[in-house]
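**Q** What follows is final_21.cif, mmCIF, C-alpha atoms.
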```cif
data_input
loop_
_atom_site.group_PDB
_atom_site.id
_atom_site.type_symbol
_atom_site.label_atom_id
_atom_site.label_comp_id
_atom_site.auth_asym_id
_atom_site.auth_seq_id
_atom_site.Cartn_x
_atom_site.Cartn_y
_atom_site.Cartn_z
ATOM 1 C CA MET X 512 -10.212 -9.315 17.639
ATOM 2 C CA ASN X 513 -13.944 -9.135 18.154
ATOM 3 C CA GLU X 514 -16.499 -10.680 15.784
ATOM 4 C CA GLU X 515 -17.432 -7.322 14.217
ATOM 5 C CA LYS X 516 -13.805 -6.433 13.387
ATOM 6 C CA SER X 517 -13.055 -9.905 12.030
ATOM 7 C CA THR X 518 -15.713 -9.508 9.331
ATOM 8 C CA LEU X 519 -15.175 -5.873 8.278
ATOM 9 C CA LEU X 520 -13.374 -6.951 5.110
ATOM 10 C CA LEU X 521 -15.131 -10.272 4.571
ATOM 11 C CA ASN X 522 -15.278 -11.109 0.844
ATOM 12 C CA ARG X 523 -12.885 -8.257 0.055
ATOM 13 C CA ARG X 524 -9.801 -8.962 -2.033
ATOM 14 C CA ILE X 525 -6.794 -6.758 -1.304
ATOM 15 C CA ALA X 526 -3.581 -6.487 -3.343
ATOM 16 C CA ILE X 527 -0.289 -5.717 -1.618
ATOM 17 C CA LEU X 528 2.133 -4.415 -4.234
ATOM 18 C CA ALA X 529 5.721 -5.053 -3.133
ATOM 19 C CA THR X 530 9.096 -6.335 -4.237
ATOM 20 C CA ASP X 531 12.485 -7.072 -2.718
ATOM 21 C CA GLY X 532 13.540 -4.531 -0.107
ATOM 22 C CA PHE X 533 10.113 -3.783 1.405
ATOM 23 C CA GLU X 534 10.218 -2.700 5.047
ATOM 24 C CA GLU X 535 9.444 -5.904 6.953
ATOM 25 C CA SER X 536 7.065 -4.458 9.544
ATOM 26 C CA GLU X 537 5.251 -2.392 6.905
ATOM 27 C CA LEU X 538 4.155 -5.481 5.000
ATOM 28 C CA PHE X 539 3.706 -8.199 7.601
ATOM 29 C CA TYR X 540 1.731 -6.189 10.235
ATOM 30 C CA PRO X 541 -0.748 -4.621 7.775
ATOM 31 C CA LYS X 542 -1.160 -7.966 5.969
ATOM 32 C CA LYS X 543 -2.048 -9.681 9.246
ATOM 33 C CA ALA X 544 -4.436 -6.859 10.193
ATOM 34 C CA LEU X 545 -6.185 -7.087 6.811
ATOM 35 C CA GLU X 546 -6.512 -10.877 7.082
ATOM 36 C CA ASP X 547 -7.727 -10.624 10.684
ATOM 37 C CA ALA X 548 -10.450 -8.291 9.371
ATOM 38 C CA GLY X 549 -11.543 -11.014 6.935
ATOM 39 C CA ALA X 550 -9.811 -9.932 3.713
ATOM 40 C CA LYS X 551 -8.268 -12.228 1.123
ATOM 41 C CA VAL X 552 -4.797 -10.723 0.567
ATOM 42 C CA ASP X 553 -2.564 -11.335 -2.450
ATOM 43 C CA ILE X 554 1.101 -10.372 -2.666
ATOM 44 C CA VAL X 555 1.550 -8.841 -6.127
ATOM 45 C CA SER X 556 5.132 -8.345 -7.271
ATOM 46 C CA LEU X 557 7.478 -7.842 -10.197
ATOM 47 C CA HIS X 558 8.641 -11.465 -10.263
ATOM 48 C CA LYS X 559 7.481 -14.926 -9.215
ATOM 49 C CA GLY X 560 8.762 -16.857 -6.218
ATOM 50 C CA ARG X 561 9.565 -15.033 -2.989
ATOM 51 C CA ILE X 562 10.414 -11.441 -2.158
ATOM 52 C CA LYS X 563 12.655 -10.479 0.728
ATOM 53 C CA ALA X 564 12.181 -7.811 3.389
ATOM 54 C CA TRP X 565 14.688 -5.283 4.662
ATOM 55 C CA SER X 566 14.791 -4.986 8.445
ATOM 56 C CA ASN X 567 17.203 -3.090 10.707
ATOM 57 C CA GLY X 568 19.883 -2.733 8.048
ATOM 58 C CA ASN X 569 19.813 -6.373 6.910
ATOM 59 C CA TRP X 570 17.768 -8.706 4.771
ATOM 60 C CA GLY X 571 14.799 -10.015 6.730
ATOM 61 C CA LYS X 572 11.924 -12.434 6.242
ATOM 62 C CA SER X 573 10.717 -13.440 2.813
ATOM 63 C CA ILE X 574 7.166 -13.947 1.591
ATOM 64 C CA HIS X 575 5.614 -15.889 -1.276
ATOM 65 C CA VAL X 576 4.415 -13.903 -4.303
ATOM 66 C CA ASP X 577 0.863 -14.859 -5.262
ATOM 67 C CA VAL X 578 0.839 -13.188 -8.671
ATOM 68 C CA THR X 579 2.992 -10.830 -10.744
ATOM 69 C CA VAL X 580 1.852 -7.442 -12.051
ATOM 70 C CA ASP X 581 2.052 -8.937 -15.544
ATOM 71 C CA GLU X 582 -0.454 -11.659 -14.595
ATOM 72 C CA THR X 583 -3.169 -9.562 -12.944
ATOM 73 C CA GLU X 584 -5.174 -6.336 -13.160
ATOM 74 C CA GLY X 585 -6.555 -3.888 -10.632
ATOM 75 C CA VAL X 586 -10.113 -4.852 -11.550
ATOM 76 C CA GLN X 587 -9.583 -8.145 -9.707
ATOM 77 C CA TYR X 588 -9.151 -6.354 -6.357
ATOM 78 C CA ASP X 589 -11.167 -4.117 -4.081
ATOM 79 C CA SER X 590 -8.247 -2.086 -2.669
ATOM 80 C CA LEU X 591 -4.476 -1.717 -2.867
ATOM 81 C CA PHE X 592 -1.756 -1.394 -0.229
ATOM 82 C CA ILE X 593 1.838 -0.316 -1.000
ATOM 83 C CA PRO X 594 4.356 -0.785 1.842
ATOM 84 C CA GLY X 595 7.498 1.296 2.115
ATOM 85 C CA GLY X 596 11.158 0.606 2.555
ATOM 86 C CA VAL X 597 13.758 2.505 0.568
ATOM 87 C CA MET X 598 14.370 -0.163 -2.093
ATOM 88 C CA ASN X 599 10.806 -1.396 -2.607
ATOM 89 C CA PRO X 600 9.171 1.786 -3.960
ATOM 90 C CA ASP X 601 12.253 2.665 -5.979
ATOM 91 C CA GLN X 602 12.012 -0.608 -7.895
ATOM 92 C CA LEU X 603 8.223 -0.406 -8.226
ATOM 93 C CA ARG X 604 8.227 3.126 -9.618
ATOM 94 C CA SER X 605 10.752 2.061 -12.252
ATOM 95 C CA ASN X 606 8.422 -0.638 -13.590
ATOM 96 C CA ARG X 607 5.824 0.554 -16.124
ATOM 97 C CA ARG X 608 3.412 -2.323 -15.434
ATOM 98 C CA ALA X 609 3.533 -1.726 -11.673
ATOM 99 C CA ILE X 610 2.671 1.943 -12.233
ATOM 100 C CA ALA X 611 -0.157 1.003 -14.607
ATOM 101 C CA PHE X 612 -1.462 -1.430 -11.966
ATOM 102 C CA VAL X 613 -1.612 1.406 -9.392
ATOM 103 C CA GLN X 614 -3.287 3.724 -11.909
ATOM 104 C CA GLU X 615 -6.011 1.121 -12.522
ATOM 105 C CA PHE X 616 -7.092 1.453 -8.871
ATOM 106 C CA SER X 617 -7.180 5.227 -9.136
ATOM 107 C CA GLU X 618 -9.174 5.174 -12.372
ATOM 108 C CA ASP X 619 -11.785 3.002 -10.642
ATOM 109 C CA GLU X 620 -11.651 5.234 -7.526
ATOM 110 C CA LYS X 621 -10.665 2.279 -5.360
ATOM 111 C CA MET X 622 -8.874 2.886 -2.075
ATOM 112 C CA ILE X 623 -5.063 2.928 -2.176
ATOM 113 C CA ALA X 624 -3.064 2.895 1.067
ATOM 114 C CA SER X 625 0.662 3.554 1.321
ATOM 115 C CA ILE X 626 3.164 4.070 4.119
ATOM 116 C CA CYS X 627 6.643 5.520 4.627
ATOM 117 C CA HIS X 628 8.509 5.635 1.255
ATOM 118 C CA GLY X 629 5.571 3.964 -0.534
ATOM 119 C CA PRO X 630 4.039 7.288 -1.654
ATOM 120 C CA GLN X 631 6.930 7.586 -4.127
ATOM 121 C CA VAL X 632 4.969 5.081 -6.214
ATOM 122 C CA LEU X 633 1.923 7.375 -6.023
ATOM 123 C CA ILE X 634 4.075 10.234 -7.341
ATOM 124 C CA GLU X 635 5.213 8.163 -10.324
ATOM 125 C CA ALA X 636 1.610 7.124 -10.998
ATOM 126 C CA GLY X 637 0.592 10.793 -11.161
ATOM 127 C CA LEU X 638 -1.847 10.584 -8.239
ATOM 128 C CA THR X 639 -0.504 13.215 -5.837
ATOM 129 C CA LYS X 640 -1.242 16.655 -7.308
ATOM 130 C CA GLY X 641 -3.493 18.627 -4.964
ATOM 131 C CA LYS X 642 -3.814 15.730 -2.504
ATOM 132 C CA HIS X 643 -3.188 15.913 1.245
ATOM 133 C CA LEU X 644 -0.616 13.191 1.960
ATOM 134 C CA THR X 645 2.045 12.158 4.438
ATOM 135 C CA SER X 646 5.166 10.003 4.229
ATOM 136 C CA TRP X 647 8.583 9.366 5.700
ATOM 137 C CA SER X 648 10.183 12.794 6.190
ATOM 138 C CA SER X 649 12.748 12.334 3.389
ATOM 139 C CA VAL X 650 9.900 11.897 0.858
ATOM 140 C CA LYS X 651 8.261 15.194 1.920
ATOM 141 C CA THR X 652 10.037 17.333 -0.688
ATOM 142 C CA ASP X 653 9.284 14.833 -3.466
ATOM 143 C CA LEU X 654 5.589 14.940 -2.578
ATOM 144 C CA ILE X 655 5.525 18.738 -2.398
ATOM 145 C CA ASN X 656 7.331 18.970 -5.754
ATOM 146 C CA SER X 657 4.687 16.657 -7.251
ATOM 147 C CA GLY X 658 1.949 19.081 -6.152
ATOM 148 C CA ALA X 659 0.849 17.333 -2.961
ATOM 149 C CA ILE X 660 0.088 19.090 0.303
ATOM 150 C CA TRP X 661 2.317 17.284 2.818
ATOM 151 C CA GLU X 662 1.086 16.880 6.403
ATOM 152 C CA ASP X 663 3.005 15.637 9.432
ATOM 153 C CA ASN X 664 0.267 13.351 10.788
ATOM 154 C CA GLU X 665 0.304 9.633 11.543
ATOM 155 C CA VAL X 666 -2.426 8.968 8.950
ATOM 156 C CA VAL X 667 -3.852 11.218 6.236
ATOM 157 C CA VAL X 668 -6.878 10.369 4.067
ATOM 158 C CA ASP X 669 -7.718 12.344 0.939
ATOM 159 C CA GLU X 670 -10.475 10.880 -1.236
ATOM 160 C CA HIS X 671 -9.263 7.375 -2.180
ATOM 161 C CA LEU X 672 -5.687 7.781 -0.864
ATOM 162 C CA ILE X 673 -4.538 6.778 2.642
ATOM 163 C CA THR X 674 -0.967 7.581 3.642
ATOM 164 C CA SER X 675 1.125 7.193 6.777
ATOM 165 C CA ARG X 676 4.629 8.181 7.926
ATOM 166 C CA SER X 677 6.488 5.250 9.458
ATOM 167 C CA PRO X 678 6.381 1.896 11.242
ATOM 168 C CA LEU X 679 5.680 3.792 14.479
ATOM 169 C CA ASP X 680 2.306 4.759 12.992
ATOM 170 C CA LEU X 681 1.280 1.206 12.051
ATOM 171 C CA PRO X 682 -1.421 0.760 14.740
ATOM 172 C CA ALA X 683 -3.266 3.926 13.643
ATOM 173 C CA PHE X 684 -2.553 3.248 9.960
ATOM 174 C CA ASN X 685 -3.875 -0.324 10.082
ATOM 175 C CA GLU X 686 -7.041 0.781 11.863
ATOM 176 C CA LYS X 687 -7.718 3.605 9.400
ATOM 177 C CA MET X 688 -6.870 1.463 6.363
ATOM 178 C CA ILE X 689 -9.299 -1.256 7.459
ATOM 179 C CA ASP X 690 -11.994 1.326 8.200
ATOM 180 C CA GLU X 691 -11.608 3.025 4.802
ATOM 181 C CA PHE X 692 -11.300 -0.251 2.889
ATOM 182 C CA SER X 693 -14.470 -1.547 4.575
ATOM 183 C CA ARG X 694 -16.453 1.588 3.701
ATOM 184 C CA SER X 695 -15.423 1.702 0.057
ATOM 185 C CA ALA X 696 -17.904 0.302 -2.424
ATOM 186 C CA ARG X 697 -17.263 -3.190 -3.672
ATOM 187 C CA ARG X 698 -16.800 -2.882 -7.426
ATOM 188 C CA ILE X 699 -16.020 -6.416 -8.553
#
```
Output the file's structure in the form of structure tokens.
**A**
Amino acid sequence: MNEEKSTLLLNRRIAILATDGFEESELFYPKKALEDAGAKVDIVSLHKGRIKAWSNGNWGKSIHVDVTVDETEGVQYDSLFIPGGVMNPDQLRSNRRAIAFVQEFSEDEKMIASICHGPQVLIEAGLTKGKHLTSWSSVKTDLINSGAIWEDNEVVVDEHLITSRSPLDLPAFNEKMIDEFSRSARRI
């Protein structure tokens, strides 16, 4: 990575909201890309300890949780990223504090990025009505029913929301997420 790219997110603090069952590639690759761009990244979850990925039909790598949703607030971060996986967003959207955490970013008009099944959390947080979004194909109907305008593109940006379809789109998603996160105003 060149010098310019490695400092795009210097002094930026990014929250990754995830729990057990996140899609392995959808957390680890974006996390590395964000850190390579200079960001300080925290894993925010529902419980302390470690959370475990889902990869190719089996449990995958685990990662240390930096802070729980009960111990932090959106005001402490510049931007938010929500990875997908079938289990991860389902558990997150069932947790009132996780949803409130996401809503805090929206209220402050901070950038929120989400991929694959992750936009299900955006639906639960009430952030999708009238927004152009994308997702894994099985989430399309849920987004449309929530009032979103679903697009079949590798990355879609609408105001402070960035969405992507699948792990195949990670290179384009990571690039766009870093670009949008770097251009958003630092509010802390």
**Q** Just say which residues the PyMOL selection byres ((chain X and resi 554-559) around 12) picks in this file, as a PyMOL selection string.
**A** chain X and resi 524-533+538-539+542+551-553+560-563+573-585+587-588+591-594+599-600+602-610+612-613
**Q** Hey, can you spit out that residue selection with C-alpha atoms as a short mmCIF file (atom, residue, chain, number, x, y, z; two decimals), keeping the file's coordinate frame?
**A**
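As written to disk, selection_14.cif reads:
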```
data_model
loop_
_atom_site.label_atom_id
_atom_site.label_comp_id
_atom_site.auth_asym_id
_atom_site.auth_seq_id
_atom_site.Cartn_x
_atom_site.Cartn_y
_atom_site.Cartn_z
CA ARG X 524 -9.80 -8.96 -2.03
CA ILE X 525 -6.79 -6.76 -1.30
CA ALA X 526 -3.58 -6.49 -3.34
CA ILE X 527 -0.29 -5.72 -1.62
CA LEU X 528 2.13 -4.42 -4.23
CA ALA X 529 5.72 -5.05 -3.13
CA THR X 530 9.10 -6.34 -4.24
CA ASP X 531 12.48 -7.07 -2.72
CA GLY X 532 13.54 -4.53 -0.11
CA PHE X 533 10.11 -3.78 1.40
CA LEU X 538 4.16 -5.48 5.00
CA PHE X 539 3.71 -8.20 7.60
CA LYS X 542 -1.16 -7.97 5.97
CA LYS X 551 -8.27 -12.23 1.12
CA VAL X 552 -4.80 -10.72 0.57
CA ASP X 553 -2.56 -11.34 -2.45
CA GLY X 560 8.76 -16.86 -6.22
CA ARG X 561 9.56 -15.03 -2.99
CA ILE X 562 10.41 -11.44 -2.16
CA LYS X 563 12.66 -10.48 0.73
CA SER X 573 10.72 -13.44 2.81
CA ILE X 574 7.17 -13.95 1.59
CA HIS X 575 5.61 -15.89 -1.28
CA VAL X 576 4.42 -13.90 -4.30
CA ASP X 577 0.86 -14.86 -5.26
CA VAL X 578 0.84 -13.19 -8.67
CA THR X 579 2.99 -10.83 -10.74
CA VAL X 580 1.85 -7.44 -12.05
CA ASP X 581 2.05 -8.94 -15.54
CA GLU X 582 -0.45 -11.66 -14.60
CA THR X 583 -3.17 -9.56 -12.94
CA GLU X 584 -5.17 -6.34 -13.16
CA GLY X 585 -6.56 -3.89 -10.63
CA GLN X 587 -9.58 -8.14 -9.71
CA TYR X 588 -9.15 -6.35 -6.36
CA LEU X 591 -4.48 -1.72 -2.87
CA PHE X 592 -1.76 -1.39 -0.23
CA ILE X 593 1.84 -0.32 -1.00
CA PRO X 594 4.36 -0.78 1.84
CA ASN X 599 10.81 -1.40 -2.61
CA PRO X 600 9.17 1.79 -3.96
CA GLN X 602 12.01 -0.61 -7.90
CA LEU X 603 8.22 -0.41 -8.23
CA ARG X 604 8.23 3.13 -9.62
CA SER X 605 10.75 2.06 -12.25
CA ASN X 606 8.42 -0.64 -13.59
CA ARG X 607 5.82 0.55 -16.12
CA ARG X 608 3.41 -2.32 -15.43
CA ALA X 609 3.53 -1.73 -11.67
CA ILE X 610 2.67 1.94 -12.23
CA PHE X 612 -1.46 -1.43 -11.97
CA VAL X 613 -1.61 1.41 -9.39
#
```
**Q** Decode the PyMOL selection byres ((chain X and resi 523) around 12) for the given file into explicit residues and return them as a ChimeraX atom specification.
**A** /X:518-522,524-526,545-546,548-553,587-591,689,692-699
**Q** For Glu535 of chain X, which residue out of X:Ser517, X:Pro678, X:Ala564, X:Ala683 is the nearest one, using all atoms listed in the file?
**A**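 Closest residue, counting all atoms listed in the file: X:Ala564.
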**Q** Calculate how many Å separate atom CA of Val597 of chain X from atom CA of Lys640 of chain X, rounding to one decimal.
**A** 22.1 Å
**Q** When you count only C-alpha atoms, which of these residues is closest to Glu691 of chain X: X:Val667, X:Glu537, X:Ile660, X:Ile673?
**A**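 Result for the nearest residue to Glu691 of chain X: X:Ile673.
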**Q** Of the residues X:Asn685, X:Thr639, X:Ser677, X:Thr645, which is the one nearest to Asp663 of chain X, using all atoms listed in the file?
**A**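 Residue with the minimum atom-to-atom distance to Asp663 of chain X: X:Thr645.
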**Q** I'd like to know which of X:Met598, X:Ala659, X:Val586, X:Ala624 is closest to Asp690 of chain X, using all atoms listed in the file.
**A**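 Looking only at the distances to Asp690 of chain X, the closest residue turns out to be X:Ala624.
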**Q** Residues near Gln614 of chain X, anyone? I mean within 8 Å using all atoms listed in the file, not counting same-chain ones fewer than 4 positions away, as a compact mmCIF listing (two decimals) with C-alpha atoms, in the frame of the given file.
**A**
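This went into part-v8.txt:
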```txt
# COMPACT_ATOMS: atom_id res chain seq x y z
CA ILE X 610 2.67 1.94 -12.23
CA GLU X 618 -9.17 5.17 -12.37
CA ALA X 636 1.61 7.12 -11.00
CA LEU X 638 -1.85 10.58 -8.24
```
**Q** Give me, please, the distance in Å between atom CA of Arg676 of chain X and atom CA of Tyr540 of chain X, quoted to one decimal.
**A**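 Separating atom CA of Arg676 of chain X from atom CA of Tyr540 of chain X is a distance of 14.8 Å.
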**Q** Calculated over only C-alpha atoms, which of the candidates X:Ser675, X:Pro630, X:Met622, X:Pro541 has the smallest distance to Ile655 of chain X?
**A**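 When distances to Ile655 of chain X are compared using only C-alpha atoms, the smallest one comes from X:Pro630.
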**Q** Would you work out the distance separating atom CA of Lys621 of chain X from atom CA of Ser649 of chain X, expressed in Å to one decimal?
**A**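 Distance reported for this atom pair: 26.9 Å.
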